[in-house]
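J.: Quick one: this structure, given as structure tokens, is what I'll be asking you about.
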2 protein chains.
Amino acid sequence: MESFIEFHSKSSGIYLSVKNILYKKKTKYQEILVFENEFFGRVLALDNLIMTTTKDEFIYHEMLSHVPMKSHPNPKSILIIGGGDGGTLREVLKYPIDKAYLVEIDEEVINVSKIFFPELSKSFDDKRVKVIIMDAIEWVKKNNEKFDVVLIDSTDPIGIAEGLISEKFLQNVKKLMNDISVICIQSESPFYHLEILEKIYKTFKNVFSNAYVYTAPIPTYPGGYWSFTISFLGLNAPEIRNQYIIENLKFYNDEIHKSCFSLPQFLKERIYGAN
Amino acid sequence: MESFIEFHSKSSGIYLSVKNILYKKKTKYQEILVFENEFFGRVLALDNLIMTTTKDEFIYHEMLSHVPMKSHPNPKSILIIGGGDGGTLREVLKYPIDKAYLVEIDEEVINVSKIFFPELSKSFDDKRVKVIIMDAIEWVKKNNEKFDVVLIDSTDPIGIAEGLISEKFLQNVKKLMNDISVICIQSESPFYHLEILEKIYKTFKNVFSNAYVYTAPIPTYPGGYWSFTISFLGLNAPEIRNQYIIENLKFYNDEIHKSCFSLPQFLKERIYGAN
């Protein structure tokens with residue numbers, strides 16, 4: 001194997017040359033691949049879809065974490081669904097939180113991250129963290145602790161992650177959310193997966209009564225352009241609501257928080273149906 | 001040839017399958033290639049770098065045109081340097097302008113666009129348009145008409161387009177600009193070409209006293225994320241300054257105009273040196 005192509009459609013994709021393969025294993029849930037690329041550094045792929053790379057992981061993890069975290073007046077308890085690489089966990093731990101639960105279905109993703117992505121997985125050592133290896137769909141039915149911020153950091157919602165965007169699952173998640181709380185999910189590429197994004201938006205709006213879409217450029221994801229969908233309980237509008245100063249961020253800042261909700265016309269019309 | 005890879009670095013790039021090659025020719029200046037791809041439609045590549053595709057050309061052309069056009073109180077005379085495919089021209093002609101000059105070095109790009117990209121090149125039929133086939137570096141020395149808006153729509157500023165970001169050239173362009181006027185240039189990928197972007201920003205700031213960088217996601221350009229640099233004479237800050245209503249845009253809108261200047265932290269620090 002000298003090169004890796006992730007197809008985004010049948011006829012287009014991203015090309016990466018493979019310097020060397022560091023790990024390859026088929027688990028019960030998916031195929032995990034870690035390889036080295038000269039430009040992007042270490043690359044983690046699940047079922048041949050790039051999940052994260054050393055070079056650009058900061059964008060996805062900062063944008064999935066800080067927009068919801070800064071939208072809450074005082075986030076103390078965090079639930080991450082998926083996120084086995086530890087990157088999202090690392091970001092939420094930058095706040096003075098009390099606890100962060102991470103519910104990951106595939107323990108091997110965590111193990112692999114601990115070996116090959118220490119800058120992400122170092123977060124697992126923090127005392128505030130509790131890791132639960134379980135299918136989140138089952139876990140949310142049984143758990144009765146509540147959370148201020150819920151982050152759904154899943155693979156593409158086809159295959160094993162499909163259930164994470166169902167109304168039934170989200171209704172169960174809602175029962176675990178405090179009266180004032182925020183939920184956010186990665187919602188795919190506006191260029192390649194507009195139907196999935198639209199479906200996620202509508203489901204969120206249905207379940208949580210409100211929903212907003214924001215975007216960020218992520219070079220190793222399809223189209224280099226990614227979306228996130230966020231909803232609120234007991235709050236409205238995605239304002240900055242706490243003054244915690246998080247240092248050393250490379251992507252997120254207050255201006256980005258405000259501007260990331262401005263959608264291109266084609267997306268605005270499709271999602272909000274407005275002009 | 002069954003596939004096309006544009007390398008963005010030695011080890012990464014975009015992969016497109018080639019349904020069929022429509023045109024391939026080496027001109028005096030560059031190699032022109034037009035092929036069909038199932039997802040992106042028709043693709044125009046110059047020296048193997050993707051310039052435009054049927055599917056995503058609206059983003060680049062709208063963002064290069066409307067941000068500067070809407071920043072001017074009443075743009076009447078437009079100069080486009082490069083832009084032989086006609087896409088930028090099409091956008092500026094949506095305003096009630098008096099004249100649009102297009103100075104393109106390679107006539108064959110215009111010819112090819114007229115055959116294979118009619119939705120872009122239809123703009124050449126407009127009576128307000130004057131096409132000049134000439135090296136812009138020579139043309140700006142001789143011309144003495146003045147313009148409200150100058151758009152530099154060039155290939156990557158290495159090779160034939162390198163002179164278009166030199167201080168000497170930009171000083172000559174400045175002489176052709178009205179007391180109240182705007183100049184804008186495509187300034188490459190913030191992920192892949194940060195040094196070129198920084199150089200363009202500094203040169204613009206030097207020549208025009210002010211400069212601002214804005215960005216847009218463009219799936220077929222390196223990193224899927226592109227930058228533009230804009231400067232003003234007799235104006236400051238990139239505000240919306242006219243109320244012309246341009247209908248049927250697919251990317252640009254007023255919110256995008258305001259938000260596209262918000263830069264991610266790594267870029268903000270690199271360009272403006274601020275926190």
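Chain labels run A, B, ... following the order of the structure tokens; each chain numbers its residues from 1, and ligands are numbered from 1 in the order shown.
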Which neighbours of range 119-136 of chain B fall inside 9 Å, counting only C-alpha atoms, when residues of the same chain fewer than 4 positions from it are skipped, and could you give them as number ranges by chain?

T.: B: 54, 57, 81-82, 84-91, 93, 97-107, 110-111, 113-115, 140-141, 164, 169

J.: Now that the selection is made, can you save its residues with C-alpha atoms as an mmCIF file, in the first residue's frame?

T.:
```
data_model
loop_
_atom_site.group_PDB
_atom_site.id
_atom_site.type_symbol
_atom_site.label_atom_id
_atom_site.label_comp_id
_atom_site.auth_asym_id
_atom_site.auth_seq_id
_atom_site.Cartn_x
_atom_site.Cartn_y
_atom_site.Cartn_z
ATOM 1 C CA THR B 54 -19.114 23.379 -13.145
ATOM 2 C CA GLU B 57 -17.248 27.568 -9.517
ATOM 3 C CA ILE B 81 -6.842 40.835 -14.512
ATOM 4 C CA GLY B 82 -6.830 37.214 -15.653
ATOM 5 C CA GLY B 84 -10.247 34.153 -18.807
ATOM 6 C CA ASP B 85 -12.992 31.643 -18.008
ATOM 7 C CA GLY B 86 -15.444 34.544 -17.679
ATOM 8 C CA GLY B 87 -16.886 33.592 -14.282
ATOM 9 C CA THR B 88 -15.789 36.731 -12.443
ATOM 10 C CA LEU B 89 -16.936 38.848 -15.364
ATOM 11 C CA ARG B 90 -20.379 37.215 -15.182
ATOM 12 C CA GLU B 91 -20.705 38.228 -11.534
ATOM 13 C CA LEU B 93 -22.055 42.288 -14.864
ATOM 14 C CA ILE B 97 -21.879 49.016 -14.306
ATOM 15 C CA ASP B 98 -20.695 51.076 -17.289
ATOM 16 C CA LYS B 99 -17.695 48.990 -18.317
ATOM 17 C CA ALA B 100 -15.731 45.890 -17.477
ATOM 18 C CA TYR B 101 -12.253 45.366 -18.920
ATOM 19 C CA LEU B 102 -10.713 41.913 -18.832
ATOM 20 C CA VAL B 103 -6.979 41.605 -19.442
ATOM 21 C CA GLU B 104 -6.045 37.987 -20.114
ATOM 22 C CA ILE B 105 -2.628 36.819 -21.253
ATOM 23 C CA ASP B 106 -3.772 33.550 -22.856
ATOM 24 C CA GLU B 107 -6.544 33.931 -25.453
ATOM 25 C CA ILE B 110 -11.215 32.335 -23.303
ATOM 26 C CA ASN B 111 -11.736 30.219 -26.420
ATOM 27 C CA SER B 113 -14.300 28.546 -21.922
ATOM 28 C CA LYS B 114 -16.547 29.688 -24.765
ATOM 29 C CA ILE B 115 -16.764 26.096 -25.982
ATOM 30 C CA VAL B 140 -1.080 48.544 -16.848
ATOM 31 C CA LYS B 141 2.020 50.543 -17.803
ATOM 32 C CA LEU B 164 0.924 39.927 -10.467
ATOM 33 C CA PHE B 169 2.980 45.798 -10.639
#
```

J.: Do you know which residues are at most 6 Å from range 182-196 of chain A counting only C-alpha atoms, after dropping those on the same chain fewer than 3 positions away, and could you put them as a PyMOL selection string?

T.: chain A and resi 149-152+199+225-232

J.: Determine which residues of range 2-185 of chain B DSSP labels as alpha helix (DSSP H) from the backbone of this structure, then write them out as a ChimeraX atom specification.

T.: /B:57-71,87-92,107-116,118-121,136-142,167-174

J.: I need the chosen residues saved as a short mmCIF file (atom, residue, chain, number, x, y, z; two decimals), in the first residue's frame, with C-alpha atoms.

T.:
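Dumped to selection27.cif:
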```cif
data_model
loop_
_atom_site.label_atom_id
_atom_site.label_comp_id
_atom_site.auth_asym_id
_atom_site.auth_seq_id
_atom_site.Cartn_x
_atom_site.Cartn_y
_atom_site.Cartn_z
CA GLU B 57 -17.25 27.57 -9.52
CA PHE B 58 -20.03 29.71 -8.00
CA ILE B 59 -18.22 29.94 -4.66
CA TYR B 60 -14.92 31.29 -5.99
CA HIS B 61 -16.51 33.64 -8.51
CA GLU B 62 -19.15 35.02 -6.14
CA MET B 63 -16.66 35.55 -3.33
CA LEU B 64 -13.99 37.19 -5.50
CA SER B 65 -16.60 39.53 -7.02
CA HIS B 66 -19.35 40.44 -4.58
CA VAL B 67 -17.28 41.19 -1.49
CA PRO B 68 -15.35 43.97 -3.33
CA MET B 69 -18.35 45.05 -5.45
CA LYS B 70 -20.60 45.48 -2.41
CA SER B 71 -17.79 47.26 -0.53
CA GLY B 87 -16.89 33.59 -14.28
CA THR B 88 -15.79 36.73 -12.44
CA LEU B 89 -16.94 38.85 -15.36
CA ARG B 90 -20.38 37.22 -15.18
CA GLU B 91 -20.71 38.23 -11.53
CA VAL B 92 -19.66 41.89 -11.91
CA GLU B 107 -6.54 33.93 -25.45
CA GLU B 108 -6.93 30.15 -25.63
CA VAL B 109 -8.40 30.08 -22.09
CA ILE B 110 -11.22 32.33 -23.30
CA ASN B 111 -11.74 30.22 -26.42
CA VAL B 112 -11.86 27.03 -24.39
CA SER B 113 -14.30 28.55 -21.92
CA LYS B 114 -16.55 29.69 -24.76
CA ILE B 115 -16.76 26.10 -25.98
CA PHE B 116 -16.86 24.11 -22.74
CA PRO B 118 -20.93 28.53 -21.66
CA GLU B 119 -22.49 29.34 -18.27
CA LEU B 120 -19.30 31.26 -17.41
CA SER B 121 -18.30 32.60 -20.81
CA ALA B 136 -1.36 42.65 -17.66
CA ILE B 137 2.09 43.69 -16.48
CA GLU B 138 2.65 45.46 -19.81
CA TRP B 139 -0.94 46.68 -20.18
CA VAL B 140 -1.08 48.54 -16.85
CA LYS B 141 2.02 50.54 -17.80
CA LYS B 142 0.36 51.89 -20.96
CA GLU B 167 4.98 45.59 -5.51
CA LYS B 168 6.01 47.18 -8.80
CA PHE B 169 2.98 45.80 -10.64
CA LEU B 170 0.59 46.75 -7.84
CA GLN B 171 1.99 50.31 -7.79
CA ASN B 172 1.17 50.52 -11.50
CA VAL B 173 -2.34 49.15 -10.87
CA LYS B 174 -2.83 51.74 -8.12
#
```

J.: For chain B, which residues have at least one atom within 9 Å of chain A, if we go by only C-alpha atoms? Write them as a ChimeraX atom specification, please.

T.: /B:3,5-7,9-19,37-40,191,216-220,222-225,249-253,255-256,258-267

J.: Apply DSSP to the backbone of this structure and, from range 10-236 of chain B, keep only the residues in strand (DSSP E or B); write these as a VMD selection string.

T.: chain B and resid 12 to 17 20 to 26 31 to 37 41 to 46 49 to 53 77 to 82 99 to 104 129 to 133 147 to 153 177 to 186 212 to 217 225 to 233

J.: Give me, as a PyMOL selection string, all polymer residues having an atom no more than 10 Å from Ala211 in chain B, counting only C-alpha atoms and skipping those fewer than 2 positions away in the same chain.

T.: chain B and resi 183-184+200-209+213+229-232+236-238+272
